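For reference, the structure discussed in these notes is given below.
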Amino acid sequence: EAFIQCRLGDGAVDHKPLFAALAETGYEGWATLECFAPLPVEERFEHDYKEVKSWLAHPGGLA
């Protein structure tokens, strides 16, 4: 089995239900992201930040 590191939302794992559950329960704490995709740090951070921000802004459309 090969594991290819990629940006949040680009891979086979669907993280949206996790963020939908956080929004549904009213969670207001911290969430951390860790990405080792072979891209510049700034590009990875900008992409993942926008992705999570979008998911949290539209929780009803996530699950």
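All residue names refer to the structure tokens as shown: chains lettered A, B, ... in order, residues numbered from 1 in each chain, ligands numbered from 1 in order.
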
Exercise. Tell me, as a PyMOL selection string, which residues lie within 8 Å of segment 35-45 of chain A, counting only C-alpha atoms; anything in the same chain fewer than 6 positions away does not count.
Key: chain A and resi 5-8

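Counting only C-alpha atoms, Leu22 of chain A has the following residues at most 12 Å away, ignoring those fewer than 3 positions along the same chain: His15, Lys16, Pro17, Leu18, Phe19, Thr25, Gly26, Tyr27, Glu28, Gly29, Trp30, Ala31, Val52, Trp55, Leu56, Ala57, Pro59, Gly60, Leu62 and Ala63 of chain A.
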
Export of prior selection with N, CA and C atoms as a PDB file, in the first residue's frame:
```
ATOM      1  N   HIS A  15     -12.613  14.503   5.493  1.00  0.00           N
ATOM      2  CA  HIS A  15     -12.580  15.139   6.807  1.00  0.00           C
ATOM      3  C   HIS A  15     -13.824  15.985   7.091  1.00  0.00           C
ATOM      4  N   LYS A  16     -14.673  16.193   6.104  1.00  0.00           N
ATOM      5  CA  LYS A  16     -15.840  17.061   6.278  1.00  0.00           C
ATOM      6  C   LYS A  16     -16.782  16.611   7.393  1.00  0.00           C
ATOM      7  N   PRO A  17     -17.068  15.317   7.537  1.00  0.00           N
ATOM      8  CA  PRO A  17     -17.963  14.907   8.636  1.00  0.00           C
ATOM      9  C   PRO A  17     -17.407  15.279  10.022  1.00  0.00           C
ATOM     10  N   LEU A  18     -16.108  15.245  10.179  1.00  0.00           N
ATOM     11  CA  LEU A  18     -15.511  15.639  11.455  1.00  0.00           C
ATOM     12  C   LEU A  18     -15.819  17.100  11.757  1.00  0.00           C
ATOM     13  N   PHE A  19     -15.605  17.973  10.762  1.00  0.00           N
ATOM     14  CA  PHE A  19     -15.851  19.394  10.973  1.00  0.00           C
ATOM     15  C   PHE A  19     -17.342  19.692  11.091  1.00  0.00           C
ATOM     16  N   THR A  25     -22.035  20.347  17.287  1.00  0.00           N
ATOM     17  CA  THR A  25     -21.984  20.309  18.751  1.00  0.00           C
ATOM     18  C   THR A  25     -21.632  21.655  19.370  1.00  0.00           C
ATOM     19  N   GLY A  26     -21.334  22.644  18.532  1.00  0.00           N
ATOM     20  CA  GLY A  26     -21.000  23.970  19.048  1.00  0.00           C
ATOM     21  C   GLY A  26     -19.578  24.083  19.566  1.00  0.00           C
ATOM     22  N   TYR A  27     -18.721  23.169  19.155  1.00  0.00           N
ATOM     23  CA  TYR A  27     -17.326  23.198  19.617  1.00  0.00           C
ATOM     24  C   TYR A  27     -16.671  24.512  19.229  1.00  0.00           C
ATOM     25  N   GLU A  28     -16.021  25.145  20.197  1.00  0.00           N
ATOM     26  CA  GLU A  28     -15.359  26.430  19.956  1.00  0.00           C
ATOM     27  C   GLU A  28     -13.893  26.402  20.366  1.00  0.00           C
ATOM     28  N   GLY A  29     -13.341  25.217  20.534  1.00  0.00           N
ATOM     29  CA  GLY A  29     -11.946  25.093  20.939  1.00  0.00           C
ATOM     30  C   GLY A  29     -11.008  25.088  19.746  1.00  0.00           C
ATOM     31  N   TRP A  30      -9.811  24.672  19.996  1.00  0.00           N
ATOM     32  CA  TRP A  30      -8.772  24.641  18.970  1.00  0.00           C
ATOM     33  C   TRP A  30      -8.874  23.382  18.120  1.00  0.00           C
ATOM     34  N   ALA A  31      -8.436  23.504  16.894  1.00  0.00           N
ATOM     35  CA  ALA A  31      -8.242  22.359  16.009  1.00  0.00           C
ATOM     36  C   ALA A  31      -6.884  22.579  15.346  1.00  0.00           C
ATOM     37  N   VAL A  52     -10.689  24.581   5.609  1.00  0.00           N
ATOM     38  CA  VAL A  52     -11.365  24.434   6.902  1.00  0.00           C
ATOM     39  C   VAL A  52     -12.314  25.601   7.150  1.00  0.00           C
ATOM     40  N   TRP A  55     -15.429  24.938   5.257  1.00  0.00           N
ATOM     41  CA  TRP A  55     -16.235  23.883   5.874  1.00  0.00           C
ATOM     42  C   TRP A  55     -16.975  24.387   7.096  1.00  0.00           C
ATOM     43  N   LEU A  56     -16.319  25.201   7.902  1.00  0.00           N
ATOM     44  CA  LEU A  56     -16.948  25.712   9.119  1.00  0.00           C
ATOM     45  C   LEU A  56     -18.013  26.763   8.818  1.00  0.00           C
ATOM     46  N   ALA A  57     -17.868  27.470   7.712  1.00  0.00           N
ATOM     47  CA  ALA A  57     -18.831  28.502   7.333  1.00  0.00           C
ATOM     48  C   ALA A  57     -20.118  27.892   6.773  1.00  0.00           C
ATOM     49  N   PRO A  59     -21.587  24.505   7.607  1.00  0.00           N
ATOM     50  CA  PRO A  59     -21.659  23.194   8.251  1.00  0.00           C
ATOM     51  C   PRO A  59     -22.803  22.330   7.762  1.00  0.00           C
ATOM     52  N   GLY A  60     -23.925  22.914   7.329  1.00  0.00           N
ATOM     53  CA  GLY A  60     -25.054  22.124   6.873  1.00  0.00           C
ATOM     54  C   GLY A  60     -24.773  21.370   5.595  1.00  0.00           C
ATOM     55  N   LEU A  62     -21.897  19.930   4.841  1.00  0.00           N
ATOM     56  CA  LEU A  62     -20.688  19.117   4.998  1.00  0.00           C
ATOM     57  C   LEU A  62     -20.967  17.620   5.067  1.00  0.00           C
ATOM     58  N   ALA A  63     -21.946  17.235   5.810  1.00  0.00           N
ATOM     59  CA  ALA A  63     -22.145  15.807   6.080  1.00  0.00           C
ATOM     60  C   ALA A  63     -22.667  15.053   4.873  1.00  0.00           C
TER      61      ALA A  63
END
```

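Here atom CA of Phe3 of chain A is placed at a distance of 26.0 Å from atom CA of Lys53 of chain A.
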
task = Go through chain A and collect every residue that DSSP, computed from the backbone, puts in alpha helix (DSSP H); the answer should be as a count of residues only.
result = 27
